[in-house]
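> Sharing a structure with you now.
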Amino acid sequence: MAVELLAAPAPSRSTRRARAVALAVAQGVGTLLVVSLLIFLVTQAMPGDVARVVLGTRATPETLATLREQLGLDRPIWEQYGTWLWGVLRGDFGTSLVNGMPVSELLAGRIRNSLTLSVVAMLIMLPISLLVGIVAAQRRDRAFDQGFLGTSIVVNATPEFVTGTVLIALLGTTVFHLLPPVSFIPPGDSPLAHPEAMVLPVLTLVVSGVMYLGRLVRIAFIDAMSSEYVQTARLKGLGTPRILARHALPNALGPVIPAASLVAAYTVGGVVVVEYLFAFPGIGAALVEAVNNRDLPVIQAIVLLIAATYYVLNLVADLLAGGEPQGR
Amino acid sequence: MTATLEVADLTIVRDADEARIVDGLSFALGPGEVLGVVGESGSGKSTVALGLLAFARPGARIAGGRVVIDGVDLLALRGGELRDARRRLAAYVAQDPATALNPALALRTQLLESLDGPPAENLDRIRRVLRTVGLPADDAFLRRKPRQLSGGQQQRIAIAMAVVARPRVIVLDEPTTGLDVSTQAKVLALVKQLCADEGIAAIYVSHDLAVVADVADRVIVMYGGELVELVPTDALLGAPRHPYSRALLAAVPSARERQVLHPIRGRAPGVGERDAGCVFRARCDFATDACLERPPLEAEPGGRLVRCVRADEVQRLTRITRVADRPERPGLVCRPAVLEAEGIDAHYGERQVLFNVSLELEPGRCLAVVGESGSGKSTLSRCLIGLHEQYEGRLRLDGEELPLTARARPAAARRELQYVFQNPFGSLNPRRTVGSSIAAALRLFGSDGRRTGAVVAEALERVEISARLAERYPAELSGGQRQRVAIARALACEPKVLLCDEVTSALDVSVQASVIELLRGLIDEGLAMLFVTHDLAIVRSIADSVVVLSEGHVVERGETAAVLDRPSHPYTQGLLADTLELPALAG
Ligand code: SF4
């Protein structure tokens, strides 16, 4: 009797899952292709003649024409796009118009700096969000919870630009002079070697992230704690710490993990703003410089990079959300 | 016999206004004994179940009394001591194991965590208990998560989890309500066996009298938060004394005999709506001035307690009229079918769920479609009303070809084929008064605007709902009233065929009785009804003929009496054997 009652595990679950992943990846590649085309067209349409930007105002028409020919600017736009895309696919993003260095070499250090900044911010943000969210859920509707909710609404309505400026005023310039308001990191150095330069940018990202993610954790925990399985656990005579850690946490993480990857994606966007604000030498700041200089290959590479990262993190979030994360 | 469990004056109140949800409940229970607690929704029975483990849901609070198990008063314990008592002395099994078991944790973890001592020994004990409840005990099984089990298996796990720590008392709150009858029969046998073998005292809470009659030695009948009768099971079934117990019994349908059901008029009082008098007074046919004072709980011979001042007269004056038979209707079909379905094959994705299903329905008759969960009966009703898209076959309504999907059907056809579902919220817009919901249904079929008001009032009257209630919103009505309004909405369209899908499964028995009687009256007036249900007792009370579905196939069909008296297919025979019956009543 017992045997006949056994529910057979769905056989095609992993196949279906693999198919969904493949589909999502294919969609992603398609999306990125479209994005690359858009980036290319938009940057081409930017005002200003590239050759003139490179050579300055006193260039003769002959030198301009020569340079245009060298850069391939005289060829039809589809051909230019094809050449560029082919290069990108081989990992060659072209050379900077400003100093003639290969773009990948130029950006390598910047990417490392930005990555360090984002990863450090995420590593600090996640545990704090979890802690704050759980404490708020446990003290639901009491002072801590109300305070947290109020602050988070204000902070989430404030752009990172403003949050960062307030933090600079508070810790860097006007009120306390604890930290450098500008993050100077010599080229070639790891940002980790200059912790004081990291604090304010990381703090800005963490504050916004915690206020958002902490709220999600709070709701997920309130849900889990008012569930029937937690009631069962109480009636089994388990203590609160075990109920929180073993019964509520795995279930609450279900909805939080995909949200965390989304927050990671937003952090990438936030990094651009924050880097500019603190003059942190990452790709965000590089992007702003490149735009000012009309350095098309650099702009294209950075935007494509950010779009790709953003997309991958979103994909991860989707997969985690659809893939029953508590089943791991 | 020393009592394993002694409850004295257990009182549980609502936090907000101190209104009593459970009012001074007392009883005692010996080892191995099973005590049933029956009552309808709002009787406070589930609150009692949790209260016995010194637990109250948010919004409620245990205000007083004692729950003594093996000499320990659980209500006097706090913190670690209480947790310890819950681990050692008492255990709880909830209604729905799918939500009561933690979906993220392996069975092993959930079974082990309430046991003290070395895991190796505990695992031995767990394996023994798993075998007792009829589940595999190997490591691979223990590594599973709850959702990898069937509903019946999940409930077995919940029961195993409850008994694994050798508690003295186990509280089961409607543990078989969501299960098919065959699984229910197995779970009930298991509970009885465990209590007898391990000497566990059990409290079995249920709304289902037949289930309680099957499992319990004694029964507490609860009404409005009070114990109104405590009685050995045989005595309750043979000679109930309290008017409420009698009324409850008269409302239960039987799968063996076709009966007229007796609903209880009015509705149960909500928490905080009770006055100083007898709690059942408003619905009691015997109420007198003497009932204006709360009647005491009188001890009677045979260990019986009854809370009614007129119990003797009541029993002398009335007989329980459960066996008032409803005449079977002649099986001869003289009128042409109004609804015909032929060779229905339905799919969900690649899986076929219905195989060549055909049926015919004549005016003035009720055809029941019976089956357990997974039989395809809900898919069939969705096909007929055109909500399911993936199916083939032929439908005819009143002799004319009926397009398969609702979108393709002409308005007249949609008007003539109306439906009511288990959850009336599905057909009633919660943001509209019930009157305007009915009016909206009328407008949909282009009825004459000037007459709408009259039609709405008439439809409500046919379902015995006061026209005043037309101004109310669905949420302001009771479950039974909502279901009646949903029926009224369907009736207002003057359908030829009414399809009812599990319309009574969310209702209390007394309310179910009134809805069944209402529907039976409509059929007698000439309506053709297709009644989809899992409950053979209801089939017996309402249907003229029946189609039995199993795994998408029609396994048996015929006149109700013939099929239920002499089932020919093993599946129907099994279904009938597992359907619990109240023993015949003496009076
Ligand atoms: S005490 Fe009166 S009102 Fe209450 S049940 Fe008895 S007869 Fe009815």
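Letters A, B, ... mark the chains of the structure tokens in the order given; residue numbers begin at 1 per chain; ligand numbers begin at 1, in order shown.
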When you get a sec, could you note down which chain B residues fall within 10 Å of chain A, using only C-alpha atoms, as a PyMOL selection string?

chain B and resi 50+53-55+57-58+79-88+90-94+96-106+109-110+113-115+131+133-136+141+145+147-153+158+161-162+165+183

> Within 7 Å of ligand 1 (counting only C-alpha atoms and all ligand atoms), which residues show up? I'd like them as a PyMOL selection string.

chain B and resi 242-244+278-281+284-288+290-291+295+307-311

> Export all heavy atoms of the chosen residues as a short mmCIF file (atom, residue, chain, number, x, y, z; two decimals), in the first residue's frame?


data_model
loop_
_atom_site.label_atom_id
_atom_site.label_comp_id
_atom_site.auth_asym_id
_atom_site.auth_seq_id
_atom_site.Cartn_x
_atom_site.Cartn_y
_atom_site.Cartn_z
N HIS B 242 -29.45 17.04 23.24
CA HIS B 242 -29.49 18.49 23.03
C HIS B 242 -30.14 18.79 21.68
O HIS B 242 -29.84 18.13 20.68
CB HIS B 242 -28.08 19.07 23.07
CG HIS B 242 -28.07 20.56 23.24
ND1 HIS B 242 -28.25 21.41 22.18
CD2 HIS B 242 -27.93 21.34 24.33
CE1 HIS B 242 -28.21 22.65 22.61
NE2 HIS B 242 -28.01 22.63 23.92
N PRO B 243 -31.02 19.79 21.63
CA PRO B 243 -31.67 20.12 20.37
C PRO B 243 -30.67 20.37 19.23
O PRO B 243 -30.93 20.02 18.09
CB PRO B 243 -32.47 21.39 20.69
CG PRO B 243 -32.74 21.29 22.13
CD PRO B 243 -31.56 20.59 22.74
N TYR B 244 -29.51 20.96 19.55
CA TYR B 244 -28.53 21.22 18.49
C TYR B 244 -27.95 19.90 17.97
O TYR B 244 -27.82 19.71 16.76
CB TYR B 244 -27.41 22.14 18.99
CG TYR B 244 -26.33 22.35 17.96
CD1 TYR B 244 -26.61 22.99 16.75
CD2 TYR B 244 -25.04 21.89 18.17
CE1 TYR B 244 -25.64 23.16 15.79
CE2 TYR B 244 -24.06 22.05 17.21
CZ TYR B 244 -24.35 22.69 16.02
OH TYR B 244 -23.39 22.85 15.06
N CYS B 278 -29.43 30.89 26.69
CA CYS B 278 -28.92 29.69 26.02
C CYS B 278 -28.35 30.09 24.67
O CYS B 278 -28.99 30.82 23.90
CB CYS B 278 -30.02 28.66 25.84
SG CYS B 278 -29.49 27.28 24.79
N VAL B 279 -27.17 29.59 24.35
CA VAL B 279 -26.46 30.04 23.16
C VAL B 279 -27.16 29.59 21.88
O VAL B 279 -27.02 30.20 20.82
CB VAL B 279 -24.98 29.57 23.24
CG1 VAL B 279 -24.92 28.06 23.21
CG2 VAL B 279 -24.14 30.18 22.16
N PHE B 280 -27.97 28.53 21.97
CA PHE B 280 -28.64 28.00 20.78
C PHE B 280 -30.04 28.59 20.61
O PHE B 280 -30.76 28.27 19.67
CB PHE B 280 -28.71 26.47 20.89
CG PHE B 280 -29.19 25.78 19.64
CD1 PHE B 280 -28.59 26.01 18.40
CD2 PHE B 280 -30.25 24.89 19.69
CE1 PHE B 280 -29.04 25.37 17.26
CE2 PHE B 280 -30.71 24.25 18.54
CZ PHE B 280 -30.09 24.49 17.33
N ARG B 281 -30.43 29.47 21.53
CA ARG B 281 -31.81 29.89 21.62
C ARG B 281 -32.39 30.39 20.30
O ARG B 281 -33.51 30.03 19.90
CB ARG B 281 -31.94 30.97 22.70
CG ARG B 281 -33.33 31.15 23.23
CD ARG B 281 -33.34 32.16 24.35
NE ARG B 281 -33.09 33.51 23.89
CZ ARG B 281 -32.02 34.22 24.23
NH1 ARG B 281 -31.11 33.73 25.06
NH2 ARG B 281 -31.85 35.44 23.76
N CYS B 284 -33.37 27.54 18.12
CA CYS B 284 -33.96 26.35 18.75
C CYS B 284 -35.47 26.37 18.62
O CYS B 284 -36.12 27.38 18.90
CB CYS B 284 -33.55 26.29 20.21
SG CYS B 284 -34.18 24.85 21.05
N ASP B 285 -36.06 25.25 18.21
CA ASP B 285 -37.50 25.15 18.07
C ASP B 285 -38.20 25.00 19.42
O ASP B 285 -39.42 25.08 19.50
CB ASP B 285 -37.87 23.94 17.21
CG ASP B 285 -37.44 24.15 15.77
OD1 ASP B 285 -37.37 25.32 15.34
OD2 ASP B 285 -37.17 23.15 15.08
N PHE B 286 -37.46 24.78 20.48
CA PHE B 286 -38.08 24.49 21.76
C PHE B 286 -37.88 25.60 22.77
O PHE B 286 -38.20 25.45 23.94
CB PHE B 286 -37.49 23.19 22.33
CG PHE B 286 -37.57 22.06 21.37
CD1 PHE B 286 -36.47 21.72 20.59
CD2 PHE B 286 -38.74 21.34 21.20
CE1 PHE B 286 -36.53 20.70 19.67
CE2 PHE B 286 -38.81 20.31 20.28
CZ PHE B 286 -37.71 19.99 19.52
N ALA B 287 -37.30 26.72 22.32
CA ALA B 287 -36.94 27.76 23.27
C ALA B 287 -38.16 28.30 24.00
O ALA B 287 -39.22 28.50 23.41
CB ALA B 287 -36.22 28.90 22.53
N THR B 288 -38.02 28.49 25.30
CA THR B 288 -39.06 29.13 26.10
C THR B 288 -38.40 30.21 26.94
O THR B 288 -37.19 30.44 26.83
CB THR B 288 -39.74 28.14 27.06
OG1 THR B 288 -38.73 27.66 27.96
CG2 THR B 288 -40.37 26.98 26.32
N ALA B 290 -37.67 30.02 29.93
CA ALA B 290 -36.67 29.40 30.81
C ALA B 290 -35.29 29.44 30.17
O ALA B 290 -34.28 29.34 30.86
CB ALA B 290 -37.07 27.96 31.10
N CYS B 291 -35.25 29.59 28.85
CA CYS B 291 -33.98 29.54 28.16
C CYS B 291 -33.28 30.90 28.12
O CYS B 291 -32.20 31.04 27.53
CB CYS B 291 -34.18 29.05 26.73
SG CYS B 291 -35.17 27.57 26.65
N PRO B 295 -28.37 27.84 30.50
CA PRO B 295 -28.65 26.58 31.18
C PRO B 295 -27.36 25.97 31.74
O PRO B 295 -26.30 26.11 31.12
CB PRO B 295 -29.21 25.68 30.07
CG PRO B 295 -29.20 26.47 28.83
CD PRO B 295 -28.53 27.77 29.07
N ARG B 307 -26.41 20.49 28.11
CA ARG B 307 -26.70 21.85 28.50
C ARG B 307 -28.01 22.29 27.86
O ARG B 307 -28.04 22.99 26.86
CB ARG B 307 -25.56 22.77 28.06
CG ARG B 307 -25.57 24.14 28.73
CD ARG B 307 -24.58 25.07 28.06
NE ARG B 307 -23.18 24.74 28.28
CZ ARG B 307 -22.50 25.01 29.38
NH1 ARG B 307 -23.09 25.62 30.38
NH2 ARG B 307 -21.24 24.68 29.48
N CYS B 308 -29.12 21.80 28.41
CA CYS B 308 -30.43 22.22 27.90
C CYS B 308 -31.46 22.01 29.00
O CYS B 308 -31.49 20.94 29.62
CB CYS B 308 -30.82 21.40 26.67
SG CYS B 308 -32.50 21.72 26.13
N VAL B 309 -32.27 23.01 29.24
CA VAL B 309 -33.25 22.89 30.32
C VAL B 309 -34.42 21.98 29.92
O VAL B 309 -35.16 21.51 30.78
CB VAL B 309 -33.81 24.25 30.77
CG1 VAL B 309 -32.76 25.03 31.54
CG2 VAL B 309 -34.30 25.06 29.58
N ARG B 310 -34.58 21.75 28.67
CA ARG B 310 -35.76 20.98 28.25
C ARG B 310 -35.39 19.66 27.58
O ARG B 310 -36.18 19.10 26.80
CB ARG B 310 -36.61 21.83 27.29
CG ARG B 310 -37.05 23.15 27.86
CD ARG B 310 -38.02 23.84 26.95
NE ARG B 310 -39.25 23.07 26.80
CZ ARG B 310 -40.13 23.27 25.81
NH1 ARG B 310 -39.89 24.18 24.91
NH2 ARG B 310 -41.23 22.54 25.73
N ALA B 311 -34.20 19.16 27.88
CA ALA B 311 -33.72 17.97 27.18
C ALA B 311 -34.72 16.82 27.23
O ALA B 311 -34.95 16.13 26.23
CB ALA B 311 -32.37 17.55 27.74
#

> Leaving out Val221 of chain B and any residue of its chain fewer than 6 positions from it, which residues lie within 8 Å of it when counting only C-alpha atoms, given as a list in words?

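Surrounding residues, per the criterion: Val37, Val38, Gly39, Leu227, Val228, Glu229, Leu230 and Ser245 of chain B.
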
> Excluding segment 129-136 of chain A and its own-chain neighbours fewer than 6 positions away, which residues fall within 9 Å of it when counting only C-alpha atoms? Please give them as a list in words.

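Near neighbours after the sequence-gap exclusion: Arg142, Phe144, Asp145, Gln146, Phe148, Leu149, Gly209, Val210, Met211, Tyr212, Leu213, Gly214, Arg215, Leu216, Val217, Arg218, Ile219, Ala220, Phe221, Ile222 and Leu244 of chain A.
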
> Would you save the residues of that selection, restricted to N, CA and C atoms, as a PDB file, in the first residue's frame?


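Writing done, so here's again_24.pdb:
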ATOM      1  N   ARG A 142       6.802  47.750  16.161  1.00  0.00           N
ATOM      2  CA  ARG A 142       7.352  48.459  17.301  1.00  0.00           C
ATOM      3  C   ARG A 142       8.346  49.508  16.802  1.00  0.00           C
ATOM      4  N   PHE A 144      11.615  50.001  16.475  1.00  0.00           N
ATOM      5  CA  PHE A 144      12.673  49.717  15.501  1.00  0.00           C
ATOM      6  C   PHE A 144      12.084  49.536  14.101  1.00  0.00           C
ATOM      7  N   ASP A 145      11.013  48.756  14.046  1.00  0.00           N
ATOM      8  CA  ASP A 145      10.383  48.454  12.762  1.00  0.00           C
ATOM      9  C   ASP A 145       9.869  49.731  12.098  1.00  0.00           C
ATOM     10  N   GLN A 146       9.154  50.534  12.876  1.00  0.00           N
ATOM     11  CA  GLN A 146       8.584  51.765  12.335  1.00  0.00           C
ATOM     12  C   GLN A 146       9.690  52.699  11.850  1.00  0.00           C
ATOM     13  N   PHE A 148      12.698  51.887  10.896  1.00  0.00           N
ATOM     14  CA  PHE A 148      13.322  51.331   9.701  1.00  0.00           C
ATOM     15  C   PHE A 148      12.457  51.588   8.467  1.00  0.00           C
ATOM     16  N   LEU A 149      11.160  51.325   8.614  1.00  0.00           N
ATOM     17  CA  LEU A 149      10.275  51.505   7.465  1.00  0.00           C
ATOM     18  C   LEU A 149      10.265  52.957   7.002  1.00  0.00           C
ATOM     19  N   GLY A 209      20.991  50.082  -0.726  1.00  0.00           N
ATOM     20  CA  GLY A 209      20.687  48.660  -0.899  1.00  0.00           C
ATOM     21  C   GLY A 209      19.984  48.075   0.309  1.00  0.00           C
ATOM     22  N   VAL A 210      20.513  48.383   1.497  1.00  0.00           N
ATOM     23  CA  VAL A 210      19.942  47.806   2.724  1.00  0.00           C
ATOM     24  C   VAL A 210      18.500  48.267   2.905  1.00  0.00           C
ATOM     25  N   MET A 211      18.263  49.530   2.594  1.00  0.00           N
ATOM     26  CA  MET A 211      16.924  50.055   2.810  1.00  0.00           C
ATOM     27  C   MET A 211      15.902  49.350   1.917  1.00  0.00           C
ATOM     28  N   TYR A 212      16.371  48.913   0.747  1.00  0.00           N
ATOM     29  CA  TYR A 212      15.451  48.212  -0.157  1.00  0.00           C
ATOM     30  C   TYR A 212      15.357  46.722   0.192  1.00  0.00           C
ATOM     31  N   LEU A 213      16.533  46.093   0.256  1.00  0.00           N
ATOM     32  CA  LEU A 213      16.576  44.659   0.473  1.00  0.00           C
ATOM     33  C   LEU A 213      16.071  44.297   1.877  1.00  0.00           C
ATOM     34  N   GLY A 214      16.413  45.131   2.839  1.00  0.00           N
ATOM     35  CA  GLY A 214      15.976  44.877   4.213  1.00  0.00           C
ATOM     36  C   GLY A 214      14.463  44.807   4.305  1.00  0.00           C
ATOM     37  N   ARG A 215      13.801  45.645   3.517  1.00  0.00           N
ATOM     38  CA  ARG A 215      12.339  45.640   3.546  1.00  0.00           C
ATOM     39  C   ARG A 215      11.788  44.342   2.969  1.00  0.00           C
ATOM     40  N   LEU A 216      12.440  43.863   1.904  1.00  0.00           N
ATOM     41  CA  LEU A 216      12.004  42.586   1.325  1.00  0.00           C
ATOM     42  C   LEU A 216      12.206  41.446   2.325  1.00  0.00           C
ATOM     43  N   VAL A 217      13.379  41.476   2.989  1.00  0.00           N
ATOM     44  CA  VAL A 217      13.648  40.443   3.985  1.00  0.00           C
ATOM     45  C   VAL A 217      12.578  40.500   5.080  1.00  0.00           C
ATOM     46  N   ARG A 218      12.239  41.695   5.488  1.00  0.00           N
ATOM     47  CA  ARG A 218      11.268  41.866   6.558  1.00  0.00           C
ATOM     48  C   ARG A 218       9.931  41.214   6.170  1.00  0.00           C
ATOM     49  N   ILE A 219       9.451  41.560   4.967  1.00  0.00           N
ATOM     50  CA  ILE A 219       8.161  41.002   4.522  1.00  0.00           C
ATOM     51  C   ILE A 219       8.246  39.479   4.409  1.00  0.00           C
ATOM     52  N   ALA A 220       9.344  39.000   3.808  1.00  0.00           N
ATOM     53  CA  ALA A 220       9.480  37.549   3.633  1.00  0.00           C
ATOM     54  C   ALA A 220       9.467  36.855   4.994  1.00  0.00           C
ATOM     55  N   PHE A 221      10.100  37.470   5.983  1.00  0.00           N
ATOM     56  CA  PHE A 221      10.139  36.861   7.312  1.00  0.00           C
ATOM     57  C   PHE A 221       8.797  36.930   8.012  1.00  0.00           C
ATOM     58  N   ILE A 222       8.116  38.042   7.845  1.00  0.00           N
ATOM     59  CA  ILE A 222       6.790  38.136   8.461  1.00  0.00           C
ATOM     60  C   ILE A 222       5.885  37.050   7.893  1.00  0.00           C
ATOM     61  N   LEU A 244      13.655  30.466  13.856  1.00  0.00           N
ATOM     62  CA  LEU A 244      14.113  31.511  12.929  1.00  0.00           C
ATOM     63  C   LEU A 244      15.102  30.952  11.928  1.00  0.00           C
TER      64      LEU A 244
END

> With DSSP run on the backbone, what are the helix (DSSP H, G or I) residues within segment 58-123 of chain A? I'd like them as a PyMOL selection string.

chain A and resi 61-71+77-89+103-123

> With distances taken over only C-alpha atoms, which residue among A:Ser36, A:Thr66, A:Ser152, A:Asn113 lies nearest Pro186 of chain A?

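With only C-alpha atoms as the atom set, the closest residue is A:Asn113.
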
> Which of these, A:Gly150, A:Tyr81, A:Ser96, A:Val25, has the shortest distance to Leu296 of chain A once you count only C-alpha atoms?

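Ranking A:Gly150, A:Tyr81, A:Ser96, A:Val25 by distance to Leu296 of chain A, first place goes to A:Ser96.
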
> Atom CA of Pro180 of chain A and atom CA of Ala197 of chain A, how far apart in Å?

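Pair atom CA of Ala197 of chain A / atom CA of Pro180 of chain A returns 6.5 Å.
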
> From the list A:Val291, A:Ile39, A:Leu315, A:Ala65, which residue is nearest Val98 of chain A when using only C-alpha atoms?

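Checking each candidate against Val98 of chain A, we get A:Val291 as the closest.
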
> Which is closer to Ala286 of chain A than all the others in A:Leu107, A:Val120, A:Val155, A:Leu192, using only C-alpha atoms?

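Selected residue with least distance to Ala286 of chain A: A:Leu107.
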
> Hey, what's within 12 Å of Ile185 of chain A if we count only C-alpha atoms and toss same-chain stuff fewer than 3 positions away? As a list in words, please?

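The neighbour list is Gly109, Arg110, Asn113, Ser114, Pro180, Val182, Gly188, Asp189, Ser190, Pro191, Leu192, Ala193, His194, Pro195, Glu196, Ala197, Met198, Glu275, Phe278, Ala279, Phe280, Pro281 and Gly282 of chain A.
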
> To one decimal place, how far is atom CA of Ser478 of chain B from atom CA of Val22 of chain B in Å?

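Atom CA of Val22 of chain B lies at a distance of 20.8 Å from atom CA of Ser478 of chain B.
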
> When DSSP works through the backbone of this structure, what residues of segment 177-426 of chain B end up as strand (DSSP E), shown as a PyMOL selection string?

chain B and resi 201-206+218-223+226-232+298-300+304-306+339-348+351-361+366-370+391-397+400-401+417-420

> What does the structure give for the distance between atom CA of Pro102 of chain A and atom CA of Tyr276 of chain A, in Å to one decimal?

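Straight-line distance from atom CA of Pro102 of chain A to atom CA of Tyr276 of chain A works out to 22.9 Å.
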
> From the options A:Asn293, A:Thr204, A:Ser118, A:Thr151, which residue's atoms come nearest to Thr309 of chain A, counting only C-alpha atoms?

A:Ser118
